[in-house]
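Beneath this line is the structure, given in structure tokens, with notes to follow.
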Amino acid sequence: MPARVVDYLVAAVSTLGVRHIFGVDGANIEDLYDAIFDSPHDVTGIIAKHEFSAATMADGYARSTGGLGVVAATSGGGAMNLVAGLTESFASRVPVLALIGQPPTALEGNGAFQDTSGRAGTIDAVGLFSEITRYCARVETGADLPAKVARAVGAARRGGPAVLLLPKDVQQADVGDIAPFRPPARFDIQDEGELVRVRAALAAARRTGKVVIIAGDQVARDDARDELARLAAILDASVGVAPDAKDVYDNADPGFRGVAGSMGHPELTAALRSAALCLLIGTRLPITARTGLDEPLAHCVVASIGAAAPHVPAMHAASTNLAGTLATLSDELAEAPSALDRGLDRGTNSLTPLQVPPATGPGLRYRELMETIGHALPDGTDIFADAGNTGAAAVHHLRISRGARFVVALGMGGMGYAFGAGIGSAFARHRRGDGIRRTVVIAGDGSFYMHGMEVHTAIEHRLPITFIVLNNNAHGMCVTREQLYYRDRYSFNRFQPSQLGDGIAAMFPLLPAFSVRAIGELADTVRHCTELPGPSFISIDCDPDEIPPFVPFLTTLEASRRQQ
């Protein structure tokens, strides 16, 4: 039997199938690491360079396992540094459990260092974290632990982070004679009444016209890719994906119509204009996924299946288990009469890239470099992309192979997310018996300056991960906005030139690091890096003035031309 609260926590994490706890050590969380060291369970503590990245490691781990990610942090600044990472998990409904140390109970409200008890005018950690999590509680005694761990796990499984605040003396306390942790039973929601309405609408649409599906990242979280593919085939549907869900449907399928929204493809918009019904699956269709689609959506029936209702008017059937819901729906629709024998043309899979103004500055161009990277990567390579111009180019131009993960953090869009999340996913994938499965992080130099030193974590653990940094010596999207919306009168977002590849090579002599300055060098460099057993780094020179494939920018440019 575990002796201390921290021993119980490590055993509980193991029971949940979690093999890594990501974090940064400190005085008020060090007992947890002591328990990890002595634990008979297969749980490893991974020390990150910053708590934000530790939180995104847990996020990426959860996205790739379909289970829980766990992050640990000490009190004070360590706890506060988790906030940005946990808000991404909250907005994207990713299950993460955060174990946060607190000062000893007797000192709370009495001048304790890093006191966030809410007493004597201090910050109230429960109030703060309750706003950005599905559940937050202080563990006051060892006897409280089983119930609060169970509630935290249940809340996280419903989609989002949960926090347990752990005073140092409570962590060290004897748990007494309590039973081993048993995971709470999974509780899935399926709105049968609304699902009947959705099924009837689909049956009617099949008789009168075309169905278009727009799928979101809940499909990946619920491991429902096969069920989505089967439903699409039964409906003879055209399929588009939200920008953060490129991996949920076969990008090479003839029915694939590309990405929806601000980084999207015109083929999906055209399909919607002639559709009888649009079925949203696992997406709320936020603005990044519906830019340019409000008008065609207003002229067709819209139905939705997913954990939360969409941001557009629709009949909505709630489901927290898309794999089960889509399987049942497919079984029922497969037995119903349809228009499949009319030989509806699904078309060919040829996507039209958005037309951007030709760039004239130095470096490689977004489309050419993304397509080159895509062709050079082995099938099954997981890709984590950061937000911004780099993310827009990756979403629009990269084709994702079957079985691979593609993640771009659009919940909060925090810069530097991909470095930690890619590392967390690499731990998950590498330990699951997938062999040397490569993970690739694609980010800009601005994101690198924020959290790119997590490269060190990858080196320490010899992870099979390649970091590709597009170096335009700028915060590229901010430069574009200065040009388009503020008449290009100034720039706060251009940097002095830096040689990132050379700098990383000097800093980490054992890390294969490369600088790519011509397109002819890129493919061979990427292939070489993906054949290596450990981490690698590629810096690619880019033009800070190139406009990315981003609909709001291109619309603004077109409007400006018309006014001239």
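Chain labels run A, B, ... following the order of the structure tokens; each chain numbers its residues from 1, and ligands are numbered from 1 in the order shown.
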Per-residue nearest contacts stretch 43-159 of chain A to stretch 18-27 of chain A, cut-off 7 Å, using only C-alpha atoms, as a tab-separated table:
residue	atom	partner	partner_atom	distance
A:Val43	CA	A:Arg19	CA	4.5
A:Thr44	CA	A:His20	CA	4.9
A:Gly45	CA	A:Ile21	CA	4.9
A:Ile46	CA	A:Phe22	CA	4.8
A:Ile47	CA	A:Val24	CA	5.3
A:Ala48	CA	A:Val24	CA	5.7
A:His50	CA	A:Val24	CA	6.7
A:Glu51	CA	A:Val24	CA	6.1
A:Ala54	CA	A:Gly23	CA	4.9
A:Met57	CA	A:Phe22	CA	6.7
A:Ala58	CA	A:Phe22	CA	6.3
A:Leu68	CA	A:Val18	CA	6.8
A:Val70	CA	A:Ile21	CA	5.2
A:Val71	CA	A:Phe22	CA	4.7
A:Ala72	CA	A:Gly23	CA	4.6
A:Ala73	CA	A:Gly23	CA	5.6
A:Thr74	CA	A:Gly26	CA	5.2
Those residues you just picked out, can you put them in a file as a tab-separated table (two decimals), in the first residue's frame with C-alpha atoms?
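As a result, result-v3.tsv now contains:
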chain	number	residue	atom	x	y	z
A	43	VAL	CA	6.02	6.24	-14.35
A	44	THR	CA	8.80	8.64	-15.35
A	45	GLY	CA	9.20	12.27	-14.34
A	46	ILE	CA	10.18	14.57	-17.21
A	47	ILE	CA	11.68	17.94	-16.33
A	48	ALA	CA	10.83	20.71	-18.79
A	50	HIS	CA	9.36	26.05	-18.34
A	51	GLU	CA	5.98	25.20	-16.83
A	54	ALA	CA	5.37	21.18	-19.31
A	57	MET	CA	3.74	18.40	-23.14
A	58	ALA	CA	0.88	16.96	-21.11
A	68	LEU	CA	-4.94	11.73	-19.80
A	70	VAL	CA	-0.36	14.88	-16.32
A	71	VAL	CA	1.65	17.97	-15.40
A	72	ALA	CA	3.21	18.94	-12.07
A	73	ALA	CA	4.38	22.33	-10.83
A	74	THR	CA	5.46	23.98	-7.64
Within 6 Å of A:Asn472, counting only C-alpha atoms, which residues qualify if same-chain residues fewer than 2 places away don't, as an mmCIF file with N, CA, C and O atoms, in the first residue's frame?
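The resulting selection_29.cif:
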data_model
loop_
_atom_site.group_PDB
_atom_site.id
_atom_site.type_symbol
_atom_site.label_atom_id
_atom_site.label_comp_id
_atom_site.auth_asym_id
_atom_site.auth_seq_id
_atom_site.Cartn_x
_atom_site.Cartn_y
_atom_site.Cartn_z
ATOM 1 N N ALA A 474 11.393 37.882 -37.685
ATOM 2 C CA ALA A 474 10.240 38.743 -37.419
ATOM 3 C C ALA A 474 9.144 37.949 -36.725
ATOM 4 O O ALA A 474 9.142 36.707 -36.743
ATOM 5 N N CYS A 542 13.266 32.513 -44.469
ATOM 6 C CA CYS A 542 12.013 32.888 -45.115
ATOM 7 C C CYS A 542 11.905 34.406 -45.229
ATOM 8 O O CYS A 542 12.666 35.154 -44.605
ATOM 9 N N ASP A 543 10.938 34.839 -46.004
ATOM 10 C CA ASP A 543 10.710 36.260 -46.273
ATOM 11 C C ASP A 543 9.668 36.811 -45.296
ATOM 12 O O ASP A 543 8.526 36.340 -45.282
ATOM 13 N N PRO A 544 10.017 37.789 -44.466
ATOM 14 C CA PRO A 544 9.045 38.326 -43.510
ATOM 15 C C PRO A 544 7.880 39.052 -44.169
ATOM 16 O O PRO A 544 6.844 39.271 -43.531
#
Name the residues of stretch 349-509 of chain A that come out as strand (DSSP E) in a backbone DSSP run; write them as a PyMOL selection string. chain A and resi 382-385+406-408+439-444+465-471
Which residue is closest to A:Leu9? Choose from A:Val139, A:Ile132, A:Val239, A:Val126 and count only C-alpha atoms.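 Looking at the shortest contact to A:Leu9, the residue is A:Val139.
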Go through A:Gly240, A:Pro286, A:Gly109, A:Pro183 and flag the residue nearest A:His265, using only C-alpha atoms for the distances. A:Gly240
Which residue out of A:Leu99, A:Ser304, A:Ala523, A:Leu128 has the minimum interatomic distance to A:Gly374 when only C-alpha atoms are used? A:Ala523
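Considering only C-alpha atoms, the residue among A:Ala147, A:Ala12, A:Leu268, A:Ala387 positioned nearest to A:Thr288 is A:Ala387.
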Go ahead and compute the interatomic distance for atom CA of A:Cys529 and atom CA of A:Asn473, in Å to one decimal. 23.6 Å
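Each of A:Ala35, A:Ala426, A:Leu16, A:Leu511 was compared to A:Ile459 using only C-alpha atoms, and A:Leu511 turns out to be the nearest.
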Expressed in Å to a single decimal, how great is the separation between atom CA of A:Ala3 and atom CA of A:Gly176?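 Spanning atom CA of A:Ala3 to atom CA of A:Gly176 is a straight-line distance of 7.2 Å.
Closest approach to A:Glu371 among A:Ala393, A:Pro509, A:Ile178, A:Val10 is made by A:Ala393 (distances from only C-alpha atoms).
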Quick one: DSSP alpha helix (DSSP H) residues in stretch 163-270 of chain A, as a compact mmCIF listing (two decimals) with C-alpha atoms, in the first residue's frame?
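The file below, part07.txt, is the result:
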# COMPACT_ATOMS: atom_id res chain seq x y z
CA LYS A 168 3.47 20.33 1.12
CA ASP A 169 2.52 18.84 4.48
CA VAL A 170 -0.48 17.10 2.90
CA GLN A 171 1.76 15.59 0.21
CA GLN A 172 3.89 14.07 2.97
CA GLU A 192 -30.91 10.26 -28.47
CA GLY A 193 -33.81 12.62 -29.18
CA GLU A 194 -31.75 15.10 -31.17
CA LEU A 195 -29.87 12.26 -32.85
CA VAL A 196 -33.19 11.01 -34.25
CA ARG A 197 -33.72 14.48 -35.78
CA VAL A 198 -30.21 14.53 -37.25
CA ARG A 199 -30.67 11.04 -38.69
CA ALA A 200 -33.98 12.04 -40.29
CA ALA A 201 -32.42 15.17 -41.79
CA LEU A 202 -29.56 13.12 -43.23
CA ALA A 203 -31.98 10.61 -44.73
CA ALA A 204 -33.97 13.42 -46.35
CA ALA A 205 -30.83 15.11 -47.68
CA ARG A 206 -29.63 11.86 -49.23
CA ARG A 207 -32.85 11.66 -51.22
CA THR A 208 -32.70 15.24 -52.49
CA GLN A 218 -13.06 15.80 -31.42
CA VAL A 219 -12.94 13.04 -34.03
CA ALA A 220 -9.26 12.56 -33.18
CA ARG A 221 -9.80 12.84 -29.42
CA ARG A 225 -11.51 8.34 -37.70
CA ASP A 226 -12.62 4.95 -39.03
CA GLU A 227 -16.23 5.63 -38.06
CA LEU A 228 -16.11 9.02 -39.80
CA ALA A 229 -14.73 7.43 -42.97
CA ARG A 230 -17.46 4.79 -42.96
CA LEU A 231 -20.22 7.36 -42.45
CA ALA A 232 -18.84 9.54 -45.24
CA ALA A 233 -18.81 6.55 -47.60
CA ILE A 234 -22.38 5.58 -46.72
CA LEU A 235 -23.56 9.16 -47.26
CA PRO A 266 -12.33 26.89 -52.36
CA GLU A 267 -13.40 23.31 -53.14
CA LEU A 268 -15.11 23.03 -49.76
CA THR A 269 -16.91 26.35 -50.22
CA ALA A 270 -18.10 25.21 -53.66
As an exercise, work out the distance from atom CA of A:Gly17 to atom CA of A:Ser536 in Å and give it to one decimal place. 29.1 Å
Can you pull out the residues contacting A:Glu295? Cut-off 10 Å, using only C-alpha atoms, and skip same-chain residues under 3 positions away; I want them as a count of residues only. 9
